[in-house]
>>> print(open('data_33.tsv').read())   # TSV, N, CA and C atoms
chain	number	residue	atom	x	y	z
A	1	MET	N	-104.56	-27.96	-62.06
A	1	MET	CA	-104.77	-26.52	-62.07
A	1	MET	C	-103.57	-25.85	-61.41
A	2	GLU	N	-103.14	-24.75	-61.96
A	2	GLU	CA	-102.00	-24.02	-61.40
A	2	GLU	C	-102.45	-22.62	-61.01
A	3	ASN	N	-102.27	-22.29	-59.75
A	3	ASN	CA	-102.65	-20.99	-59.21
A	3	ASN	C	-101.46	-20.42	-58.46
A	4	LYS	N	-101.54	-19.14	-58.11
A	4	LYS	CA	-100.45	-18.50	-57.37
A	4	LYS	C	-100.99	-17.77	-56.16
A	5	ILE	N	-100.30	-17.93	-55.07
A	5	ILE	CA	-100.53	-17.13	-53.87
A	5	ILE	C	-99.47	-16.03	-53.93
A	6	VAL	N	-99.90	-14.78	-53.77
A	6	VAL	CA	-99.00	-13.65	-53.98
A	6	VAL	C	-98.90	-12.80	-52.72
A	7	ILE	N	-97.67	-12.47	-52.38
A	7	ILE	CA	-97.38	-11.47	-51.34
A	7	ILE	C	-96.55	-10.40	-52.04
A	8	GLU	N	-97.02	-9.17	-51.98
A	8	GLU	CA	-96.36	-8.10	-52.73
A	8	GLU	C	-96.03	-6.92	-51.81
A	9	GLY	N	-94.79	-6.44	-51.94
A	9	GLY	CA	-94.39	-5.24	-51.22
A	9	GLY	C	-94.16	-5.44	-49.73
A	10	LEU	N	-93.77	-6.65	-49.33
A	10	LEU	CA	-93.49	-6.92	-47.93
A	10	LEU	C	-92.21	-6.19	-47.54
A	11	ARG	N	-92.30	-5.29	-46.60
A	11	ARG	CA	-91.15	-4.46	-46.21
A	11	ARG	C	-90.63	-4.93	-44.85
A	12	LEU	N	-89.38	-5.41	-44.86
A	12	LEU	CA	-88.76	-5.95	-43.65
A	12	LEU	C	-87.39	-5.30	-43.42
A	13	TYR	N	-87.07	-5.08	-42.16
A	13	TYR	CA	-85.75	-4.57	-41.80
A	13	TYR	C	-84.86	-5.78	-41.54
A	14	ALA	N	-83.70	-5.81	-42.19
A	14	ALA	CA	-82.81	-6.96	-42.05
A	14	ALA	C	-81.36	-6.52	-42.16
A	15	PHE	N	-80.47	-7.46	-41.95
A	15	PHE	CA	-79.04	-7.17	-41.84
A	15	PHE	C	-78.24	-7.99	-42.86
A	16	HIS	N	-78.44	-7.67	-44.13
A	16	HIS	CA	-77.76	-8.35	-45.22
A	16	HIS	C	-76.87	-7.37	-45.96
A	17	GLY	N	-75.69	-7.84	-46.36
A	17	GLY	CA	-74.81	-7.01	-47.17
A	17	GLY	C	-73.39	-7.53	-47.13
A	18	VAL	N	-72.66	-7.22	-48.18
A	18	VAL	CA	-71.26	-7.64	-48.28
A	18	VAL	C	-70.41	-6.89	-47.26
A	19	MET	N	-70.68	-5.59	-47.11
A	19	MET	CA	-69.90	-4.79	-46.16
A	19	MET	C	-70.38	-5.04	-44.73
A	20	GLU	N	-69.43	-5.12	-43.82
A	20	GLU	CA	-69.75	-5.37	-42.41
A	20	GLU	C	-70.73	-4.34	-41.87
A	21	GLN	N	-70.58	-3.09	-42.30
A	21	GLN	CA	-71.46	-2.01	-41.86
A	21	GLN	C	-72.93	-2.32	-42.21
A	22	GLU	N	-73.16	-2.92	-43.37
A	22	GLU	CA	-74.52	-3.26	-43.78
A	22	GLU	C	-75.12	-4.32	-42.85
A	23	ARG	N	-74.28	-5.25	-42.42
A	23	ARG	CA	-74.77	-6.31	-41.53
A	23	ARG	C	-74.88	-5.83	-40.09
A	24	THR	N	-74.30	-4.67	-39.78
A	24	THR	CA	-74.40	-4.10	-38.44
A	24	THR	C	-75.56	-3.12	-38.34
A	25	ILE	N	-75.67	-2.21	-39.30
A	25	ILE	CA	-76.70	-1.17	-39.27
A	25	ILE	C	-78.03	-1.68	-39.81
A	26	GLY	N	-77.98	-2.47	-40.85
A	26	GLY	CA	-79.20	-3.00	-41.45
A	26	GLY	C	-79.83	-2.04	-42.45
A	27	ALA	N	-80.87	-2.50	-43.09
A	27	ALA	CA	-81.59	-1.71	-44.09
A	27	ALA	C	-82.96	-2.33	-44.31
A	28	TYR	N	-83.80	-1.58	-45.01
A	28	TYR	CA	-85.10	-2.11	-45.40
A	28	TYR	C	-84.99	-2.87	-46.71
A	29	PHE	N	-85.72	-3.98	-46.77
A	29	PHE	CA	-85.79	-4.81	-47.96
A	29	PHE	C	-87.26	-4.98	-48.33
A	30	ILE	N	-87.53	-5.00	-49.62
A	30	ILE	CA	-88.87	-5.24	-50.12
A	30	ILE	C	-88.88	-6.63	-50.75
A	31	VAL	N	-89.83	-7.46	-50.32
A	31	VAL	CA	-89.92	-8.83	-50.82
A	31	VAL	C	-91.28	-9.02	-51.50
A	32	ASP	N	-91.24	-9.53	-52.72
A	32	ASP	CA	-92.43	-9.98	-53.43
A	32	ASP	C	-92.30	-11.49	-53.61
A	33	ALA	N	-93.38	-12.21	-53.38
A	33	ALA	CA	-93.34	-13.66	-53.52
A	33	ALA	C	-94.56	-14.15	-54.30
A	34	GLU	N	-94.33	-15.09	-55.19
A	34	GLU	CA	-95.40	-15.81	-55.89
A	34	GLU	C	-95.17	-17.30	-55.63
A	35	VAL	N	-96.14	-17.92	-55.02
A	35	VAL	CA	-96.05	-19.35	-54.70
A	35	VAL	C	-97.07	-20.08	-55.57
A	36	THR	N	-96.56	-20.92	-56.46
A	36	THR	CA	-97.42	-21.66	-57.38
A	36	THR	C	-97.87	-22.96	-56.73
A	37	THR	N	-99.19	-23.14	-56.69
A	37	THR	CA	-99.79	-24.32	-56.08
A	37	THR	C	-101.20	-24.50	-56.62
A	38	ASP	N	-101.77	-25.64	-56.39
A	38	ASP	CA	-103.14	-25.90	-56.81
A	38	ASP	C	-104.06	-25.65	-55.61
A	39	PHE	N	-104.80	-24.54	-55.65
A	39	PHE	CA	-105.74	-24.30	-54.55
A	39	PHE	C	-107.20	-24.40	-55.02
A	40	SER	N	-107.41	-25.27	-56.00
A	40	SER	CA	-108.77	-25.47	-56.52
A	40	SER	C	-109.73	-26.00	-55.46
A	41	VAL	N	-109.24	-26.78	-54.51
A	41	VAL	CA	-110.10	-27.29	-53.43
A	41	VAL	C	-110.65	-26.12	-52.62
A	42	ALA	N	-109.81	-25.17	-52.27
A	42	ALA	CA	-110.25	-24.00	-51.50
A	42	ALA	C	-111.23	-23.14	-52.29
A	43	MET	N	-111.07	-23.12	-53.61
A	43	MET	CA	-111.99	-22.36	-54.46
A	43	MET	C	-113.41	-22.92	-54.35
A	44	HIS	N	-113.51	-24.22	-54.14
A	44	HIS	CA	-114.83	-24.87	-54.10
A	44	HIS	C	-115.37	-25.03	-52.68
A	45	THR	N	-114.48	-25.16	-51.69
A	45	THR	CA	-114.94	-25.46	-50.32
A	45	THR	C	-114.92	-24.27	-49.39
A	46	ASP	N	-114.18	-23.22	-49.73
A	46	ASP	CA	-114.03	-22.06	-48.85
A	46	ASP	C	-113.36	-22.43	-47.53
A	47	GLU	N	-112.46	-23.42	-47.59
A	47	GLU	CA	-111.74	-23.89	-46.41
A	47	GLU	C	-110.24	-23.72	-46.61
A	48	LEU	N	-109.56	-23.27	-45.56
A	48	LEU	CA	-108.13	-23.04	-45.60
A	48	LEU	C	-107.34	-24.32	-45.87
A	49	ILE	N	-107.90	-25.45	-45.50
A	49	ILE	CA	-107.21	-26.72	-45.69
A	49	ILE	C	-106.92	-27.00	-47.17
A	50	GLY	N	-107.62	-26.36	-48.06
A	50	GLY	CA	-107.42	-26.57	-49.49
A	50	GLY	C	-106.44	-25.62	-50.14
A	51	THR	N	-105.68	-24.89	-49.32
A	51	THR	CA	-104.73	-23.92	-49.86
A	51	THR	C	-103.56	-23.76	-48.89
A	52	ILE	N	-102.75	-22.74	-49.11
A	52	ILE	CA	-101.64	-22.40	-48.21
A	52	ILE	C	-101.90	-21.00	-47.69
A	53	SER	N	-101.84	-20.83	-46.41
A	53	SER	CA	-102.07	-19.53	-45.80
A	53	SER	C	-100.93	-18.56	-46.14
A	54	TYR	N	-101.28	-17.40	-46.67
A	54	TYR	CA	-100.23	-16.42	-46.94
A	54	TYR	C	-99.58	-15.93	-45.66
A	55	ALA	N	-100.26	-16.04	-44.53
A	55	ALA	CA	-99.66	-15.69	-43.24
A	55	ALA	C	-98.53	-16.66	-42.90
A	56	ASP	N	-98.70	-17.94	-43.23
A	56	ASP	CA	-97.65	-18.93	-43.00
A	56	ASP	C	-96.47	-18.71	-43.95
A	57	ILE	N	-96.76	-18.32	-45.19
A	57	ILE	CA	-95.68	-17.99	-46.12
A	57	ILE	C	-94.91	-16.79	-45.60
A	58	PHE	N	-95.63	-15.78	-45.12
A	58	PHE	CA	-94.98	-14.61	-44.54
A	58	PHE	C	-94.05	-15.00	-43.39
A	59	GLU	N	-94.50	-15.88	-42.50
A	59	GLU	CA	-93.66	-16.29	-41.37
A	59	GLU	C	-92.38	-16.96	-41.85
A	60	THR	N	-92.46	-17.74	-42.92
A	60	THR	CA	-91.26	-18.37	-43.49
A	60	THR	C	-90.31	-17.32	-44.04
A	61	ILE	N	-90.84	-16.35	-44.76
A	61	ILE	CA	-90.01	-15.26	-45.29
A	61	ILE	C	-89.36	-14.49	-44.16
A	62	LYS	N	-90.15	-14.12	-43.17
A	62	LYS	CA	-89.66	-13.35	-42.01
A	62	LYS	C	-88.53	-14.09	-41.28
A	63	LYS	N	-88.71	-15.38	-41.08
A	63	LYS	CA	-87.71	-16.20	-40.38
A	63	LYS	C	-86.38	-16.20	-41.14
A	64	GLU	N	-86.43	-16.41	-42.45
A	64	GLU	CA	-85.21	-16.46	-43.24
A	64	GLU	C	-84.57	-15.07	-43.40
A	65	MET	N	-85.38	-14.03	-43.49
A	65	MET	CA	-84.84	-12.66	-43.60
A	65	MET	C	-84.14	-12.24	-42.31
A	66	ALA	N	-84.47	-12.86	-41.19
A	66	ALA	CA	-83.86	-12.52	-39.90
A	66	ALA	C	-82.46	-13.10	-39.75
A	67	ILE	N	-82.04	-13.98	-40.64
A	67	ILE	CA	-80.71	-14.57	-40.57
A	67	ILE	C	-79.77	-13.74	-41.45
A	68	PRO	N	-78.81	-13.01	-40.84
A	68	PRO	CA	-77.92	-12.15	-41.63
A	68	PRO	C	-77.11	-12.94	-42.67
A	69	SER	N	-76.99	-12.37	-43.86
A	69	SER	CA	-76.22	-12.97	-44.94
A	69	SER	C	-75.49	-11.87	-45.69
A	70	LYS	N	-74.41	-12.24	-46.33
A	70	LYS	CA	-73.70	-11.28	-47.17
A	70	LYS	C	-74.49	-10.98	-48.44
A	71	LEU	N	-75.06	-12.03	-49.04
A	71	LEU	CA	-75.70	-11.88	-50.35
A	71	LEU	C	-77.20	-12.14	-50.28
A	72	ILE	N	-77.97	-11.28	-50.93
A	72	ILE	CA	-79.41	-11.53	-50.96
A	72	ILE	C	-79.74	-12.69	-51.90
A	73	GLU	N	-78.81	-13.05	-52.76
A	73	GLU	CA	-78.98	-14.26	-53.56
A	73	GLU	C	-79.11	-15.47	-52.63
A	74	HIS	N	-78.28	-15.48	-51.60
A	74	HIS	CA	-78.30	-16.57	-50.61
A	74	HIS	C	-79.61	-16.55	-49.82
A	75	VAL	N	-80.03	-15.36	-49.42
A	75	VAL	CA	-81.28	-15.22	-48.67
A	75	VAL	C	-82.45	-15.69	-49.52
A	76	GLY	N	-82.48	-15.25	-50.78
A	76	GLY	CA	-83.56	-15.65	-51.68
A	76	GLY	C	-83.61	-17.16	-51.88
A	77	GLY	N	-82.46	-17.77	-52.04
A	77	GLY	CA	-82.41	-19.22	-52.20
A	77	GLY	C	-82.92	-19.94	-50.97
A	78	ARG	N	-82.55	-19.44	-49.79
A	78	ARG	CA	-83.03	-20.05	-48.54
A	78	ARG	C	-84.55	-19.93	-48.42
A	79	ILE	N	-85.07	-18.74	-48.73
A	79	ILE	CA	-86.52	-18.52	-48.61
A	79	ILE	C	-87.27	-19.46	-49.56
A	80	ALA	N	-86.85	-19.49	-50.82
A	80	ALA	CA	-87.54	-20.32	-51.81
A	80	ALA	C	-87.50	-21.80	-51.41
A	81	LYS	N	-86.34	-22.26	-50.97
A	81	LYS	CA	-86.19	-23.66	-50.55
A	81	LYS	C	-87.07	-23.96	-49.33
A	82	ALA	N	-87.10	-23.04	-48.38
A	82	ALA	CA	-87.90	-23.25	-47.17
A	82	ALA	C	-89.40	-23.31	-47.50
A	83	ILE	N	-89.85	-22.51	-48.45
A	83	ILE	CA	-91.26	-22.54	-48.84
A	83	ILE	C	-91.57	-23.86	-49.54
A	84	ILE	N	-90.73	-24.27	-50.46
A	84	ILE	CA	-90.96	-25.54	-51.17
A	84	ILE	C	-90.95	-26.72	-50.20
A	85	GLU	N	-89.99	-26.74	-49.28
A	85	GLU	CA	-89.90	-27.85	-48.33
A	85	GLU	C	-90.97	-27.80	-47.25
A	86	GLY	N	-91.45	-26.61	-46.94
A	86	GLY	CA	-92.38	-26.44	-45.83
A	86	GLY	C	-93.86	-26.59	-46.17
A	87	PHE	N	-94.18	-26.50	-47.45
A	87	PHE	CA	-95.59	-26.53	-47.84
A	87	PHE	C	-95.81	-27.53	-48.97
A	88	PRO	N	-96.44	-28.66	-48.66
A	88	PRO	CA	-96.72	-29.66	-49.70
A	88	PRO	C	-97.59	-29.04	-50.80
A	89	GLY	N	-97.35	-29.45	-52.01
A	89	GLY	CA	-98.15	-28.97	-53.12
A	89	GLY	C	-97.60	-27.74	-53.83
A	90	VAL	N	-96.51	-27.18	-53.32
A	90	VAL	CA	-95.89	-26.02	-53.99
A	90	VAL	C	-95.08	-26.54	-55.17
A	91	SER	N	-95.36	-26.03	-56.35
A	91	SER	CA	-94.62	-26.46	-57.54
A	91	SER	C	-93.52	-25.48	-57.92
A	92	ALA	N	-93.65	-24.22	-57.50
A	92	ALA	CA	-92.60	-23.23	-57.79
A	92	ALA	C	-92.74	-22.03	-56.88
A	93	VAL	N	-91.63	-21.34	-56.69
A	93	VAL	CA	-91.60	-20.10	-55.92
A	93	VAL	C	-90.83	-19.07	-56.73
A	94	LYS	N	-91.43	-17.91	-56.90
A	94	LYS	CA	-90.75	-16.79	-57.55
A	94	LYS	C	-90.62	-15.69	-56.51
A	95	LEU	N	-89.39	-15.21	-56.31
A	95	LEU	CA	-89.11	-14.17	-55.32
A	95	LEU	C	-88.40	-13.00	-55.95
A	96	LYS	N	-88.73	-11.83	-55.46
A	96	LYS	CA	-87.99	-10.62	-55.81
A	96	LYS	C	-87.64	-9.96	-54.49
A	97	ILE	N	-86.35	-9.68	-54.30
A	97	ILE	CA	-85.89	-9.03	-53.08
A	97	ILE	C	-85.10	-7.79	-53.49
A	98	LEU	N	-85.51	-6.64	-52.99
A	98	LEU	CA	-84.81	-5.38	-53.26
A	98	LEU	C	-84.33	-4.77	-51.96
A	99	LYS	N	-83.11	-4.31	-51.96
A	99	LYS	CA	-82.58	-3.55	-50.83
A	99	LYS	C	-82.85	-2.09	-51.13
A	100	GLU	N	-83.55	-1.40	-50.22
A	100	GLU	CA	-83.83	0.02	-50.41
A	100	GLU	C	-82.57	0.84	-50.28
A	101	ASN	N	-82.40	1.78	-51.19
A	101	ASN	CA	-81.27	2.71	-51.18
A	101	ASN	C	-79.94	2.02	-50.86
A	102	PRO	N	-79.50	1.09	-51.68
A	102	PRO	CA	-78.27	0.35	-51.40
A	102	PRO	C	-77.03	1.22	-51.53
A	103	PRO	N	-75.97	0.90	-50.77
A	103	PRO	CA	-74.74	1.70	-50.81
A	103	PRO	C	-73.89	1.38	-52.03
A	104	MET	N	-74.23	2.01	-53.16
A	104	MET	CA	-73.48	1.72	-54.39
A	104	MET	C	-73.06	2.98	-55.13
A	105	GLY	N	-73.16	4.12	-54.48
A	105	GLY	CA	-72.71	5.36	-55.11
A	105	GLY	C	-73.72	5.99	-56.05
A	106	ALA	N	-74.97	5.55	-55.97
A	106	ALA	CA	-76.02	6.13	-56.80
A	106	ALA	C	-77.31	6.15	-56.00
A	107	ASP	N	-78.16	7.10	-56.31
A	107	ASP	CA	-79.45	7.18	-55.63
A	107	ASP	C	-80.47	6.35	-56.41
A	108	CYS	N	-81.01	5.31	-55.76
A	108	CYS	CA	-82.05	4.50	-56.40
A	108	CYS	C	-82.99	3.98	-55.33
A	109	ARG	N	-84.18	3.61	-55.76
A	109	ARG	CA	-85.17	3.06	-54.82
A	109	ARG	C	-84.75	1.71	-54.28
A	110	GLY	N	-84.08	0.92	-55.12
A	110	GLY	CA	-83.68	-0.40	-54.66
A	110	GLY	C	-82.91	-1.16	-55.71
A	111	ALA	N	-82.14	-2.12	-55.24
A	111	ALA	CA	-81.40	-3.03	-56.12
A	111	ALA	C	-81.51	-4.41	-55.51
A	112	GLY	N	-81.57	-5.42	-56.37
A	112	GLY	CA	-81.72	-6.74	-55.79
A	112	GLY	C	-81.76	-7.85	-56.81
A	113	ILE	N	-82.54	-8.87	-56.46
A	113	ILE	CA	-82.58	-10.11	-57.25
A	113	ILE	C	-84.00	-10.55	-57.51
A	114	GLU	N	-84.15	-11.39	-58.51
A	114	GLU	CA	-85.39	-12.10	-58.75
A	114	GLU	C	-85.02	-13.52	-59.12
A	115	ILE	N	-85.63	-14.48	-58.42
A	115	ILE	CA	-85.32	-15.88	-58.69
A	115	ILE	C	-86.61	-16.68	-58.82
A	116	THR	N	-86.54	-17.77	-59.53
A	116	THR	CA	-87.62	-18.74	-59.59
A	116	THR	C	-87.01	-20.10	-59.29
A	117	LEU	N	-87.57	-20.77	-58.30
A	117	LEU	CA	-87.12	-22.12	-57.93
A	117	LEU	C	-88.29	-23.06	-58.12
A	118	LYS	N	-88.08	-24.13	-58.86
A	118	LYS	CA	-89.13	-25.10	-59.11
A	118	LYS	C	-88.92	-26.34	-58.27
A	119	ASN	N	-90.02	-26.89	-57.80
A	119	ASN	CA	-89.98	-28.12	-57.03
A	119	ASN	C	-89.74	-29.28	-57.97
A	120	LYS	N	-88.81	-30.15	-57.61
A	120	LYS	CA	-88.44	-31.27	-58.50
A	120	LYS	C	-89.46	-32.35	-58.51
>>> encode(input="data_33.tsv", output="structure tokens")
Amino acid sequence: MENKIVIEGLRLYAFHGVMEQERTIGAYFIVDAEVTTDFSVAMHTDELIGTISYADIFETIKKEMAIPSKLIEHVGGRIAKAIIEGFPGVSAVKLKILKENPPMGADCRGAGIEITLKNK
């Protein structure tokens, strides 16, 4: 069985960007995560042991977002890898990371990346 644990619209302040000013001042980022895993045991037992806590996934995202990087591609790769390595039973991670109002000479809600990393 394949199911997904979803975190949507997680808003974190972080210090990512190519320009030094971005890594000094920081900005808000919106993170959406889909973690594919089999949580059929939890569906039947009502016990956390049969699934992955979204609070634990959040802590992994928060930890990796706290490490300044030039590229959110790098941040996204770190987050996806940390989730796959940190939680047995994860078959894939899909992440979307948007930087709010990025410094690119245009007014927009956000710009960013979406990646899917599959467990080998």
>>> residues_around(input="data_33.tsv", residues="region 48-52 of chain A", least_positions_apart="6", cutoff="6 Å", atoms="all atoms listed in the file", output="list of chain:residue names")
A:Asp38, A:Phe39, A:Ser40, A:Val41, A:Ala42
>>> closest_residue(input="data_33.tsv", among="A:Ile79, A:Ile67, A:Val93, A:Ile61", to="Thr36 (chain A)", atoms="only N, CA and C atoms")
A:Val93
>>> residues_around(input="data_33.tsv", residues="region 24-27 of chain A", least_positions_apart="5", cutoff="5 Å", atoms="only N, CA and C atoms", output="mmCIF file with N, CA and C atoms, in the coordinates of the input")
data_model
loop_
_atom_site.group_PDB
_atom_site.id
_atom_site.type_symbol
_atom_site.label_atom_id
_atom_site.label_comp_id
_atom_site.auth_asym_id
_atom_site.auth_seq_id
_atom_site.Cartn_x
_atom_site.Cartn_y
_atom_site.Cartn_z
ATOM 1 N N TYR A 13 -87.070 -5.080 -42.160
ATOM 2 C CA TYR A 13 -85.750 -4.570 -41.800
ATOM 3 C C TYR A 13 -84.860 -5.780 -41.540
ATOM 4 N N ALA A 14 -83.700 -5.810 -42.190
ATOM 5 C CA ALA A 14 -82.810 -6.960 -42.050
ATOM 6 C C ALA A 14 -81.360 -6.520 -42.160
ATOM 7 N N PHE A 15 -80.470 -7.460 -41.950
ATOM 8 C CA PHE A 15 -79.040 -7.170 -41.840
ATOM 9 C C PHE A 15 -78.240 -7.990 -42.860
#
>>> closest_residue(input="data_33.tsv", among="A:Gly9, A:Pro68, A:Gly17, A:Gly89", to="Lys120 (chain A)", atoms="only C-alpha atoms")
A:Gly89
>>> residues_near_point(input="data_33.tsv", point="(-96.6, -11.4, -52.8)", cutoff="12 Å", atoms="only C-alpha atoms", output="PDB file with N, CA and C atoms, keeping the file's coordinate frame")
ATOM      1  N   LYS A   4    -101.540 -19.140 -58.110  1.00  0.00           N
ATOM      2  CA  LYS A   4    -100.450 -18.500 -57.370  1.00  0.00           C
ATOM      3  C   LYS A   4    -100.990 -17.770 -56.160  1.00  0.00           C
ATOM      4  N   ILE A   5    -100.300 -17.930 -55.070  1.00  0.00           N
ATOM      5  CA  ILE A   5    -100.530 -17.130 -53.870  1.00  0.00           C
ATOM      6  C   ILE A   5     -99.470 -16.030 -53.930  1.00  0.00           C
ATOM      7  N   VAL A   6     -99.900 -14.780 -53.770  1.00  0.00           N
ATOM      8  CA  VAL A   6     -99.000 -13.650 -53.980  1.00  0.00           C
ATOM      9  C   VAL A   6     -98.900 -12.800 -52.720  1.00  0.00           C
ATOM     10  N   ILE A   7     -97.670 -12.470 -52.380  1.00  0.00           N
ATOM     11  CA  ILE A   7     -97.380 -11.470 -51.340  1.00  0.00           C
ATOM     12  C   ILE A   7     -96.550 -10.400 -52.040  1.00  0.00           C
ATOM     13  N   GLU A   8     -97.020  -9.170 -51.980  1.00  0.00           N
ATOM     14  CA  GLU A   8     -96.360  -8.100 -52.730  1.00  0.00           C
ATOM     15  C   GLU A   8     -96.030  -6.920 -51.810  1.00  0.00           C
ATOM     16  N   GLY A   9     -94.790  -6.440 -51.940  1.00  0.00           N
ATOM     17  CA  GLY A   9     -94.390  -5.240 -51.220  1.00  0.00           C
ATOM     18  C   GLY A   9     -94.160  -5.440 -49.730  1.00  0.00           C
ATOM     19  N   LEU A  10     -93.770  -6.650 -49.330  1.00  0.00           N
ATOM     20  CA  LEU A  10     -93.490  -6.920 -47.930  1.00  0.00           C
ATOM     21  C   LEU A  10     -92.210  -6.190 -47.540  1.00  0.00           C
ATOM     22  N   ARG A  11     -92.300  -5.290 -46.600  1.00  0.00           N
ATOM     23  CA  ARG A  11     -91.150  -4.460 -46.210  1.00  0.00           C
ATOM     24  C   ARG A  11     -90.630  -4.930 -44.850  1.00  0.00           C
ATOM     25  N   ILE A  30     -87.530  -5.000 -49.620  1.00  0.00           N
ATOM     26  CA  ILE A  30     -88.870  -5.240 -50.120  1.00  0.00           C
ATOM     27  C   ILE A  30     -88.880  -6.630 -50.750  1.00  0.00           C
ATOM     28  N   VAL A  31     -89.830  -7.460 -50.320  1.00  0.00           N
ATOM     29  CA  VAL A  31     -89.920  -8.830 -50.820  1.00  0.00           C
ATOM     30  C   VAL A  31     -91.280  -9.020 -51.500  1.00  0.00           C
ATOM     31  N   ASP A  32     -91.240  -9.530 -52.720  1.00  0.00           N
ATOM     32  CA  ASP A  32     -92.430  -9.980 -53.430  1.00  0.00           C
ATOM     33  C   ASP A  32     -92.300 -11.490 -53.610  1.00  0.00           C
ATOM     34  N   ALA A  33     -93.380 -12.210 -53.380  1.00  0.00           N
ATOM     35  CA  ALA A  33     -93.340 -13.660 -53.520  1.00  0.00           C
ATOM     36  C   ALA A  33     -94.560 -14.150 -54.300  1.00  0.00           C
ATOM     37  N   GLU A  34     -94.330 -15.090 -55.190  1.00  0.00           N
ATOM     38  CA  GLU A  34     -95.400 -15.810 -55.890  1.00  0.00           C
ATOM     39  C   GLU A  34     -95.170 -17.300 -55.630  1.00  0.00           C
ATOM     40  N   VAL A  35     -96.140 -17.920 -55.020  1.00  0.00           N
ATOM     41  CA  VAL A  35     -96.050 -19.350 -54.700  1.00  0.00           C
ATOM     42  C   VAL A  35     -97.070 -20.080 -55.570  1.00  0.00           C
ATOM     43  N   THR A  36     -96.560 -20.920 -56.460  1.00  0.00           N
ATOM     44  CA  THR A  36     -97.420 -21.660 -57.380  1.00  0.00           C
ATOM     45  C   THR A  36     -97.870 -22.960 -56.730  1.00  0.00           C
ATOM     46  N   TYR A  54    -101.280 -17.400 -46.670  1.00  0.00           N
ATOM     47  CA  TYR A  54    -100.230 -16.420 -46.940  1.00  0.00           C
ATOM     48  C   TYR A  54     -99.580 -15.930 -45.660  1.00  0.00           C
ATOM     49  N   ALA A  55    -100.260 -16.040 -44.530  1.00  0.00           N
ATOM     50  CA  ALA A  55     -99.660 -15.690 -43.240  1.00  0.00           C
ATOM     51  C   ALA A  55     -98.530 -16.660 -42.900  1.00  0.00           C
ATOM     52  N   ILE A  57     -96.760 -18.320 -45.190  1.00  0.00           N
ATOM     53  CA  ILE A  57     -95.680 -17.990 -46.120  1.00  0.00           C
ATOM     54  C   ILE A  57     -94.910 -16.790 -45.600  1.00  0.00           C
ATOM     55  N   PHE A  58     -95.630 -15.780 -45.120  1.00  0.00           N
ATOM     56  CA  PHE A  58     -94.980 -14.610 -44.540  1.00  0.00           C
ATOM     57  C   PHE A  58     -94.050 -15.000 -43.390  1.00  0.00           C
ATOM     58  N   ILE A  61     -90.840 -16.350 -44.760  1.00  0.00           N
ATOM     59  CA  ILE A  61     -90.010 -15.260 -45.290  1.00  0.00           C
ATOM     60  C   ILE A  61     -89.360 -14.490 -44.160  1.00  0.00           C
ATOM     61  N   VAL A  93     -91.630 -21.340 -56.690  1.00  0.00           N
ATOM     62  CA  VAL A  93     -91.600 -20.100 -55.920  1.00  0.00           C
ATOM     63  C   VAL A  93     -90.830 -19.070 -56.730  1.00  0.00           C
ATOM     64  N   LYS A  94     -91.430 -17.910 -56.900  1.00  0.00           N
ATOM     65  CA  LYS A  94     -90.750 -16.790 -57.550  1.00  0.00           C
ATOM     66  C   LYS A  94     -90.620 -15.690 -56.510  1.00  0.00           C
ATOM     67  N   LEU A  95     -89.390 -15.210 -56.310  1.00  0.00           N
ATOM     68  CA  LEU A  95     -89.110 -14.170 -55.320  1.00  0.00           C
ATOM     69  C   LEU A  95     -88.400 -13.000 -55.950  1.00  0.00           C
ATOM     70  N   LYS A  96     -88.730 -11.830 -55.460  1.00  0.00           N
ATOM     71  CA  LYS A  96     -87.990 -10.620 -55.810  1.00  0.00           C
ATOM     72  C   LYS A  96     -87.640  -9.960 -54.490  1.00  0.00           C
ATOM     73  N   ILE A  97     -86.350  -9.680 -54.300  1.00  0.00           N
ATOM     74  CA  ILE A  97     -85.890  -9.030 -53.080  1.00  0.00           C
ATOM     75  C   ILE A  97     -85.100  -7.790 -53.490  1.00  0.00           C
TER      76      ILE A  97
END
>>> atom_distance(input="data_33.tsv", atom1="atom N of Glu64 (chain A)", atom2="CA of Asp107 (chain A)")
27.9 Å
>>> residues_around(input="data_33.tsv", residues="Ala111 (chain A)", least_positions_apart="3", cutoff="7 Å", atoms="all atoms listed in the file", output="list in words")
Ile97, Leu98, Lys99, Glu100, Asn101, Pro102 and Cys108 of chain A
>>> write_last_selection(input="data_33.tsv", atoms="N, CA and C atoms", output="mmCIF file, keeping the file's coordinate frame")
data_model
loop_
_atom_site.group_PDB
_atom_site.id
_atom_site.type_symbol
_atom_site.label_atom_id
_atom_site.label_comp_id
_atom_site.auth_asym_id
_atom_site.auth_seq_id
_atom_site.Cartn_x
_atom_site.Cartn_y
_atom_site.Cartn_z
ATOM 1 N N ILE A 97 -86.350 -9.680 -54.300
ATOM 2 C CA ILE A 97 -85.890 -9.030 -53.080
ATOM 3 C C ILE A 97 -85.100 -7.790 -53.490
ATOM 4 N N LEU A 98 -85.510 -6.640 -52.990
ATOM 5 C CA LEU A 98 -84.810 -5.380 -53.260
ATOM 6 C C LEU A 98 -84.330 -4.770 -51.960
ATOM 7 N N LYS A 99 -83.110 -4.310 -51.960
ATOM 8 C CA LYS A 99 -82.580 -3.550 -50.830
ATOM 9 C C LYS A 99 -82.850 -2.090 -51.130
ATOM 10 N N GLU A 100 -83.550 -1.400 -50.220
ATOM 11 C CA GLU A 100 -83.830 0.020 -50.410
ATOM 12 C C GLU A 100 -82.570 0.840 -50.280
ATOM 13 N N ASN A 101 -82.400 1.780 -51.190
ATOM 14 C CA ASN A 101 -81.270 2.710 -51.180
ATOM 15 C C ASN A 101 -79.940 2.020 -50.860
ATOM 16 N N PRO A 102 -79.500 1.090 -51.680
ATOM 17 C CA PRO A 102 -78.270 0.350 -51.400
ATOM 18 C C PRO A 102 -77.030 1.220 -51.530
ATOM 19 N N CYS A 108 -81.010 5.310 -55.760
ATOM 20 C CA CYS A 108 -82.050 4.500 -56.400
ATOM 21 C C CYS A 108 -82.990 3.980 -55.330
#
>>> atom_distance(input="data_33.tsv", atom1="CA of Ser53 (chain A)", atom2="CA of Ala82 (chain A)")
14.7 Å
